[in-house]
Every structure is written in C-alpha cells, then in structure tokens.
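Worksheet: the structure to be examined is printed underneath.
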Amino acid sequence: MTATTTSLLVLLFLFQIKHMFADFFLQTPRMLSDRGRYLHAGRAQHAAVHALGSAVALLIMGASVALVLPVIVAEWVAHYHIDWAKGRWSDRTCHTPADGGYWRAMAVDQALHQMTYLAMAWAWVVWG
C-alpha cells in the first residue's frame with residue numbers, strides 16, 4: 001500500500017470519527033429543533049461543528065490553510081443544505097422512527113454526508 005493510500009484512509013477514518021461525534025453526540029436541542037426551517041441558527045451551528053472537526057482532521061493530515069478554508073466552507077454549505085432538506089422532508093411526511101420513510105431519509109442524509117467526505121478527500125489528494 002502506498003503512503004498516499006494509507007494517508008487517504010487515515011483522513012477518511014478521521015472524517016468518520018468527526019462525523020460520529022458531530023452528528024450524534026454533540027447536537028444540542030437548539031440544533032435539533034425546527035429542522036425544516038431554512039434560516040436556522042442551530043443548523044448553522046451544527047454545520048460549523050462539522051466544518052471545525054473537518055478542519056482539524058485536514059490539518060492533522062498536513063493540509064495547508066489555503067486548502068482547508070475553501071474545503072470547510074464548501075462542507076458547511078453542503079452540510080447545512082443536506083440537513084435542511086432532510087428536515088423539510090421530515091416535516092412534510094411526519095415520519096417517526098417507527099416509519100420506514102424516516103429511516104430512508106436518514107440513509108439518504110448519511111449517504112450524502114459520506115459523499116461530501118469523499119469529495120473533500122479527493123480535494124486533499126489533488127491539491128493537498
């Protein structure tokens with residue numbers, strides 16, 4: 001395995017750990033309320049927690065500040081809108097964890113976040 005491949009896997013591992021904490025352990029009631037409303041300070045804070053965690057992961061992996069800043073801004077925008085879309089869908093459908101639709105929405109939400117991490121890792125490989 002090449003050093004680049006190993007480093008890429010370490011970066012993806014760091015993104016996964018960051019995601020677990022930011023999406024499941026560090027959300028406050030404010031972040032979880034009114035998810036379907038577009039302008040929402042709690043969702044902005046939640047996306048910022050993600051962006052900060054990704055910045056730490058990228059810096060650990062030796063990324064320059066010039067790369068980190070645009071990558072985390074793009075992640076913040078993507079995360080904000082992915083979560084808003086899920087919140088809006090959930091508000092419209094009124095699904096609860098007892099409904100299959102809730103879990104399908106959760107799956108799409110999480111898959112989109114994972115695709116964001118793949119794009120961020122690609123940027124790190126190409127420009128890092």
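Following the order of the structure tokens, first chain is A, next is B, and so on, with residues numbered from 1 inside each chain and ligands from 1 in the order they appear.
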**Message:** Which residues are close to Gly53 of chain A, i.e. within 10 Å by only C-alpha atoms, leaving aside same-chain residues fewer than 2 positions away? Reply as a PyMOL selection string.
**Reply:** chain A and resi 14-15+17-19+21-22+47-51+55-59+72
Please save all heavy atoms of the selected residues as a CSV table (one decimal), in the first residue's frame.
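Now in selection_4.csv:
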chain,number,residue,atom,x,y,z
A,14,LEU,N,-10.5,9.7,10.1
A,14,LEU,CA,-10.7,10.9,10.9
A,14,LEU,C,-12.1,11.6,10.6
A,14,LEU,O,-12.8,12.0,11.5
A,14,LEU,CB,-9.6,11.9,10.7
A,14,LEU,CG,-8.2,11.5,11.2
A,14,LEU,CD1,-7.1,12.5,10.8
A,14,LEU,CD2,-8.2,11.3,12.8
A,15,PHE,N,-12.4,11.6,9.3
A,15,PHE,CA,-13.8,12.2,9.0
A,15,PHE,C,-14.9,11.4,9.6
A,15,PHE,O,-15.9,11.9,10.0
A,15,PHE,CB,-13.9,12.2,7.5
A,15,PHE,CG,-13.2,13.3,6.8
A,15,PHE,CD1,-12.9,13.2,5.4
A,15,PHE,CD2,-12.8,14.5,7.4
A,15,PHE,CE1,-12.2,14.2,4.7
A,15,PHE,CE2,-12.1,15.5,6.7
A,15,PHE,CZ,-11.8,15.4,5.4
A,17,ILE,N,-14.8,9.5,12.4
A,17,ILE,CA,-14.9,9.8,13.9
A,17,ILE,C,-15.5,11.2,14.1
A,17,ILE,O,-16.4,11.3,15.0
A,17,ILE,CB,-13.5,9.7,14.5
A,17,ILE,CG1,-12.9,8.3,14.3
A,17,ILE,CG2,-13.5,10.2,15.9
A,17,ILE,CD1,-13.7,7.2,15.0
A,18,LYS,N,-15.0,12.2,13.3
A,18,LYS,CA,-15.6,13.5,13.5
A,18,LYS,C,-17.1,13.5,13.2
A,18,LYS,O,-17.9,14.1,14.0
A,18,LYS,CB,-14.9,14.4,12.5
A,18,LYS,CG,-15.4,15.9,12.5
A,18,LYS,CD,-16.6,16.2,11.6
A,18,LYS,CE,-16.4,15.9,10.2
A,18,LYS,NZ,-17.5,16.4,9.4
A,19,HIS,N,-17.5,12.8,12.2
A,19,HIS,CA,-19.0,12.7,11.8
A,19,HIS,C,-19.8,12.1,13.0
A,19,HIS,O,-20.8,12.6,13.3
A,19,HIS,CB,-19.2,11.9,10.5
A,19,HIS,CG,-20.6,12.0,10.1
A,19,HIS,ND1,-21.1,13.0,9.3
A,19,HIS,CD2,-21.6,11.1,10.2
A,19,HIS,CE1,-22.4,12.8,9.1
A,19,HIS,NE2,-22.7,11.6,9.6
A,21,PHE,N,-19.2,12.0,16.2
A,21,PHE,CA,-19.4,12.9,17.3
A,21,PHE,C,-20.2,14.1,16.9
A,21,PHE,O,-21.2,14.5,17.6
A,21,PHE,CB,-18.0,13.4,17.8
A,21,PHE,CG,-17.4,12.4,18.7
A,21,PHE,CD1,-16.4,11.5,18.2
A,21,PHE,CD2,-17.8,12.2,20.0
A,21,PHE,CE1,-15.9,10.5,19.1
A,21,PHE,CE2,-17.3,11.3,20.9
A,21,PHE,CZ,-16.3,10.4,20.4
A,22,ALA,N,-20.0,14.7,15.8
A,22,ALA,CA,-20.7,16.0,15.4
A,22,ALA,C,-22.2,15.7,15.1
A,22,ALA,O,-23.0,16.5,15.4
A,22,ALA,CB,-20.0,16.6,14.2
A,47,ALA,N,-23.6,22.7,11.5
A,47,ALA,CA,-22.7,22.6,10.3
A,47,ALA,C,-21.3,23.2,10.6
A,47,ALA,O,-20.3,22.7,10.1
A,47,ALA,CB,-23.3,23.4,9.1
A,48,ALA,N,-21.3,24.2,11.5
A,48,ALA,CA,-20.0,24.7,11.9
A,48,ALA,C,-19.2,23.7,12.7
A,48,ALA,O,-17.9,23.7,12.6
A,48,ALA,CB,-20.2,26.0,12.7
A,49,VAL,N,-19.8,23.0,13.6
A,49,VAL,CA,-19.2,21.9,14.3
A,49,VAL,C,-18.5,20.9,13.4
A,49,VAL,O,-17.4,20.5,13.5
A,49,VAL,CB,-20.1,21.2,15.3
A,49,VAL,CG1,-19.5,19.9,15.9
A,49,VAL,CG2,-20.6,22.1,16.4
A,50,HIS,N,-19.3,20.5,12.3
A,50,HIS,CA,-18.7,19.6,11.3
A,50,HIS,C,-17.5,20.3,10.6
A,50,HIS,O,-16.5,19.6,10.4
A,50,HIS,CB,-19.8,19.3,10.3
A,50,HIS,CG,-20.7,18.1,10.7
A,50,HIS,ND1,-20.3,16.8,10.6
A,50,HIS,CD2,-21.9,18.1,11.3
A,50,HIS,CE1,-21.2,16.0,11.0
A,50,HIS,NE2,-22.2,16.8,11.5
A,51,ALA,N,-17.7,21.5,10.2
A,51,ALA,CA,-16.6,22.2,9.5
A,51,ALA,C,-15.3,22.3,10.4
A,51,ALA,O,-14.2,22.0,9.9
A,51,ALA,CB,-17.0,23.6,9.0
A,55,ALA,N,-11.7,20.6,9.7
A,55,ALA,CA,-10.5,21.4,9.6
A,55,ALA,C,-9.4,20.8,10.5
A,55,ALA,O,-8.3,20.7,10.0
A,55,ALA,CB,-10.8,22.9,10.1
A,56,VAL,N,-9.8,20.3,11.6
A,56,VAL,CA,-8.8,19.6,12.5
A,56,VAL,C,-8.3,18.4,11.8
A,56,VAL,O,-7.0,18.2,11.8
A,56,VAL,CB,-9.4,19.3,13.9
A,56,VAL,CG1,-8.5,18.4,14.7
A,56,VAL,CG2,-9.8,20.6,14.6
A,57,ALA,N,-9.2,17.6,11.2
A,57,ALA,CA,-8.7,16.4,10.5
A,57,ALA,C,-7.8,16.7,9.4
A,57,ALA,O,-6.7,16.1,9.2
A,57,ALA,CB,-9.9,15.6,10.0
A,58,LEU,N,-8.1,17.7,8.6
A,58,LEU,CA,-7.3,18.1,7.5
A,58,LEU,C,-5.9,18.6,7.9
A,58,LEU,O,-4.9,18.3,7.3
A,58,LEU,CB,-8.0,19.1,6.6
A,58,LEU,CG,-9.2,18.5,5.7
A,58,LEU,CD1,-10.1,19.6,5.3
A,58,LEU,CD2,-8.6,17.7,4.6
A,59,LEU,N,-5.9,19.4,9.0
A,59,LEU,CA,-4.7,20.0,9.5
A,59,LEU,C,-3.8,18.9,10.1
A,59,LEU,O,-2.6,18.9,9.9
A,59,LEU,CB,-5.0,21.1,10.5
A,59,LEU,CG,-5.6,22.4,9.9
A,59,LEU,CD1,-6.1,23.3,11.0
A,59,LEU,CD2,-4.6,23.1,8.9
A,72,ILE,N,-13.6,23.5,4.0
A,72,ILE,CA,-14.6,23.5,5.1
A,72,ILE,C,-15.8,24.5,4.8
A,72,ILE,O,-16.9,24.2,5.3
A,72,ILE,CB,-13.9,23.8,6.5
A,72,ILE,CG1,-13.3,25.2,6.6
A,72,ILE,CG2,-12.9,22.7,6.7
A,72,ILE,CD1,-13.0,25.6,8.0
**Request:** Find the residues around Gln45 of chain A up to 12 Å (only C-alpha atoms counted), leave out those fewer than 5 positions away in its own chain, and share them as a PyMOL selection string.
**Result:** chain A and resi 22-23+26-32+39-40+50-52+76-77+79-80+83
Dump N, CA, C and O atoms for the selected residues as a PDB file, in the first residue's frame?
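Saved result, again_35.pdb, follows:
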ATOM      1  N   ALA A  22     -19.970  14.746  15.752  1.00  0.00           N
ATOM      2  CA  ALA A  22     -20.707  15.954  15.377  1.00  0.00           C
ATOM      3  C   ALA A  22     -22.171  15.671  15.076  1.00  0.00           C
ATOM      4  O   ALA A  22     -23.039  16.473  15.406  1.00  0.00           O
ATOM      5  N   ASP A  23     -22.464  14.536  14.451  1.00  0.00           N
ATOM      6  CA  ASP A  23     -23.849  14.267  14.056  1.00  0.00           C
ATOM      7  C   ASP A  23     -24.664  13.580  15.149  1.00  0.00           C
ATOM      8  O   ASP A  23     -25.889  13.681  15.131  1.00  0.00           O
ATOM      9  N   LEU A  26     -22.797  15.549  19.712  1.00  0.00           N
ATOM     10  CA  LEU A  26     -22.620  16.962  20.049  1.00  0.00           C
ATOM     11  C   LEU A  26     -23.791  17.851  19.645  1.00  0.00           C
ATOM     12  O   LEU A  26     -23.684  19.074  19.734  1.00  0.00           O
ATOM     13  N   GLN A  27     -24.893  17.280  19.212  1.00  0.00           N
ATOM     14  CA  GLN A  27     -26.033  18.113  18.825  1.00  0.00           C
ATOM     15  C   GLN A  27     -26.794  18.563  20.069  1.00  0.00           C
ATOM     16  O   GLN A  27     -27.082  17.765  20.952  1.00  0.00           O
ATOM     17  N   THR A  28     -27.109  19.822  20.093  1.00  0.00           N
ATOM     18  CA  THR A  28     -27.858  20.411  21.204  1.00  0.00           C
ATOM     19  C   THR A  28     -29.344  20.463  20.838  1.00  0.00           C
ATOM     20  O   THR A  28     -29.699  20.327  19.661  1.00  0.00           O
ATOM     21  N   PRO A  29     -30.211  20.681  21.810  1.00  0.00           N
ATOM     22  CA  PRO A  29     -31.635  20.831  21.485  1.00  0.00           C
ATOM     23  C   PRO A  29     -31.884  21.930  20.444  1.00  0.00           C
ATOM     24  O   PRO A  29     -32.738  21.792  19.576  1.00  0.00           O
ATOM     25  N   ARG A  30     -31.113  23.021  20.521  1.00  0.00           N
ATOM     26  CA  ARG A  30     -31.274  24.099  19.535  1.00  0.00           C
ATOM     27  C   ARG A  30     -30.954  23.603  18.127  1.00  0.00           C
ATOM     28  O   ARG A  30     -31.615  23.970  17.157  1.00  0.00           O
ATOM     29  N   MET A  31     -29.926  22.780  18.003  1.00  0.00           N
ATOM     30  CA  MET A  31     -29.544  22.242  16.704  1.00  0.00           C
ATOM     31  C   MET A  31     -30.594  21.279  16.157  1.00  0.00           C
ATOM     32  O   MET A  31     -30.748  21.149  14.943  1.00  0.00           O
ATOM     33  N   LEU A  32     -31.299  20.617  17.045  1.00  0.00           N
ATOM     34  CA  LEU A  32     -32.278  19.609  16.636  1.00  0.00           C
ATOM     35  C   LEU A  32     -33.680  20.170  16.414  1.00  0.00           C
ATOM     36  O   LEU A  32     -34.538  19.475  15.871  1.00  0.00           O
ATOM     37  N   LEU A  39     -33.753  29.238   7.326  1.00  0.00           N
ATOM     38  CA  LEU A  39     -32.817  30.043   8.109  1.00  0.00           C
ATOM     39  C   LEU A  39     -32.899  29.600   9.563  1.00  0.00           C
ATOM     40  O   LEU A  39     -33.894  29.859  10.243  1.00  0.00           O
ATOM     41  N   HIS A  40     -31.877  28.915  10.011  1.00  0.00           N
ATOM     42  CA  HIS A  40     -31.931  28.289  11.323  1.00  0.00           C
ATOM     43  C   HIS A  40     -30.540  28.342  11.967  1.00  0.00           C
ATOM     44  O   HIS A  40     -29.595  27.720  11.472  1.00  0.00           O
ATOM     45  N   HIS A  50     -19.280  20.542  12.329  1.00  0.00           N
ATOM     46  CA  HIS A  50     -18.732  19.647  11.311  1.00  0.00           C
ATOM     47  C   HIS A  50     -17.526  20.271  10.619  1.00  0.00           C
ATOM     48  O   HIS A  50     -16.496  19.618  10.433  1.00  0.00           O
ATOM     49  N   ALA A  51     -17.655  21.522  10.214  1.00  0.00           N
ATOM     50  CA  ALA A  51     -16.574  22.197   9.498  1.00  0.00           C
ATOM     51  C   ALA A  51     -15.323  22.294  10.374  1.00  0.00           C
ATOM     52  O   ALA A  51     -14.207  22.043   9.905  1.00  0.00           O
ATOM     53  N   LEU A  52     -15.509  22.631  11.637  1.00  0.00           N
ATOM     54  CA  LEU A  52     -14.374  22.728  12.545  1.00  0.00           C
ATOM     55  C   LEU A  52     -13.685  21.371  12.707  1.00  0.00           C
ATOM     56  O   LEU A  52     -12.457  21.273  12.661  1.00  0.00           O
ATOM     57  N   TRP A  76     -19.480  23.214   5.013  1.00  0.00           N
ATOM     58  CA  TRP A  76     -20.511  23.883   5.800  1.00  0.00           C
ATOM     59  C   TRP A  76     -21.767  24.089   4.953  1.00  0.00           C
ATOM     60  O   TRP A  76     -22.873  23.779   5.395  1.00  0.00           O
ATOM     61  N   VAL A  77     -21.594  24.591   3.747  1.00  0.00           N
ATOM     62  CA  VAL A  77     -22.733  24.838   2.853  1.00  0.00           C
ATOM     63  C   VAL A  77     -23.450  23.530   2.536  1.00  0.00           C
ATOM     64  O   VAL A  77     -24.684  23.449   2.610  1.00  0.00           O
ATOM     65  N   HIS A  79     -23.379  20.631   4.207  1.00  0.00           N
ATOM     66  CA  HIS A  79     -23.998  20.031   5.391  1.00  0.00           C
ATOM     67  C   HIS A  79     -25.275  20.774   5.780  1.00  0.00           C
ATOM     68  O   HIS A  79     -26.295  20.150   6.091  1.00  0.00           O
ATOM     69  N   TYR A  80     -25.212  22.084   5.746  1.00  0.00           N
ATOM     70  CA  TYR A  80     -26.387  22.892   6.074  1.00  0.00           C
ATOM     71  C   TYR A  80     -27.571  22.507   5.180  1.00  0.00           C
ATOM     72  O   TYR A  80     -28.682  22.292   5.658  1.00  0.00           O
ATOM     73  N   ASP A  83     -28.941  18.780   5.630  1.00  0.00           N
ATOM     74  CA  ASP A  83     -29.766  18.670   6.839  1.00  0.00           C
ATOM     75  C   ASP A  83     -31.084  19.430   6.698  1.00  0.00           C
ATOM     76  O   ASP A  83     -32.124  18.978   7.186  1.00  0.00           O
TER      77      ASP A  83
END
**Complete:** Here atom CA of His46 of chain A and atom CA of Glu75 of chain A stand apart by 11.6 Å
**Prompt:** Just asking: which residues within chain A are helix (DSSP H, G or I) according to DSSP, as a PyMOL selection string?
**Reply:** chain A and resi 3-25+29-32+41-60+65-93+100-127
**Asked** Which residue, A:Leu9, A:Ile82, A:Val68, A:Ile60, has the smallest gap to Ala107 of chain A when you use only C-alpha atoms?
**Response** A:Ile82
Closest atom pairs, segment 5-54 of chain A residues within 9 Å of segment 85-92 of chain A, only C-alpha atoms, as JSON lines:
{"residue": "A:Asp34", "atom": "CA", "partner": "A:Gly87", "partner_atom": "CA", "distance": 7.7}
{"residue": "A:Arg35", "atom": "CA", "partner": "A:Gly87", "partner_atom": "CA", "distance": 4.4}
{"residue": "A:Gly36", "atom": "CA", "partner": "A:Arg88", "partner_atom": "CA", "distance": 3.8}
{"residue": "A:Arg37", "atom": "CA", "partner": "A:Arg88", "partner_atom": "CA", "distance": 7.0}
{"residue": "A:Tyr38", "atom": "CA", "partner": "A:Arg88", "partner_atom": "CA", "distance": 8.4}
Quick one: write out the picked residues with N, CA and C atoms as a short mmCIF file (atom, residue, chain, number, x, y, z; two decimals), in the first residue's frame?
data_model
loop_
_atom_site.label_atom_id
_atom_site.label_comp_id
_atom_site.auth_asym_id
_atom_site.auth_seq_id
_atom_site.Cartn_x
_atom_site.Cartn_y
_atom_site.Cartn_z
N ASP A 34 -36.72 22.68 14.89
CA ASP A 34 -37.11 23.40 13.66
C ASP A 34 -36.24 23.06 12.46
N ARG A 35 -35.99 21.78 12.25
CA ARG A 35 -35.05 21.34 11.21
C ARG A 35 -35.52 21.69 9.80
N GLY A 36 -36.82 21.85 9.61
CA GLY A 36 -37.33 22.13 8.28
C GLY A 36 -37.35 23.60 7.89
N ARG A 37 -37.03 24.47 8.83
CA ARG A 37 -36.98 25.90 8.54
C ARG A 37 -35.64 26.23 7.89
N TYR A 38 -35.66 27.01 6.82
CA TYR A 38 -34.40 27.25 6.07
C TYR A 38 -33.38 28.05 6.88
#
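Put simply, atom CA of Trp124 of chain A is 13.2 Å away from atom CA of Ala74 of chain A.
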**Fill in**
Ala119 of chain A proximity check over A:Leu69, A:Met1, A:Ala63, A:Leu12, using only C-alpha atoms: winner is A:Leu12
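For the pair atom CA of Gly42 of chain A and atom CA of His95 of chain A, the interatomic distance is 21.3 Å.
Shell of Trp127 of chain A at 12 Å, with only C-alpha atoms counted and residues fewer than 2 places along the chain excluded, is Leu58, Gly62, Ala63, Ser64, Val65, Ala66, Leu67, Val68, Pro70, Val71, Ala119, Met120, Ala121, Trp122, Ala123, Trp124 and Val125 of chain A.
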**Message:** List the spatial neighbours of Gln16 of chain A as a PyMOL selection string - criterion: any atom at most 10 Å away, only C-alpha atoms, same-chain residues fewer than 6 positions off excluded.
**Reply:** chain A and resi 10+22+54+114+117
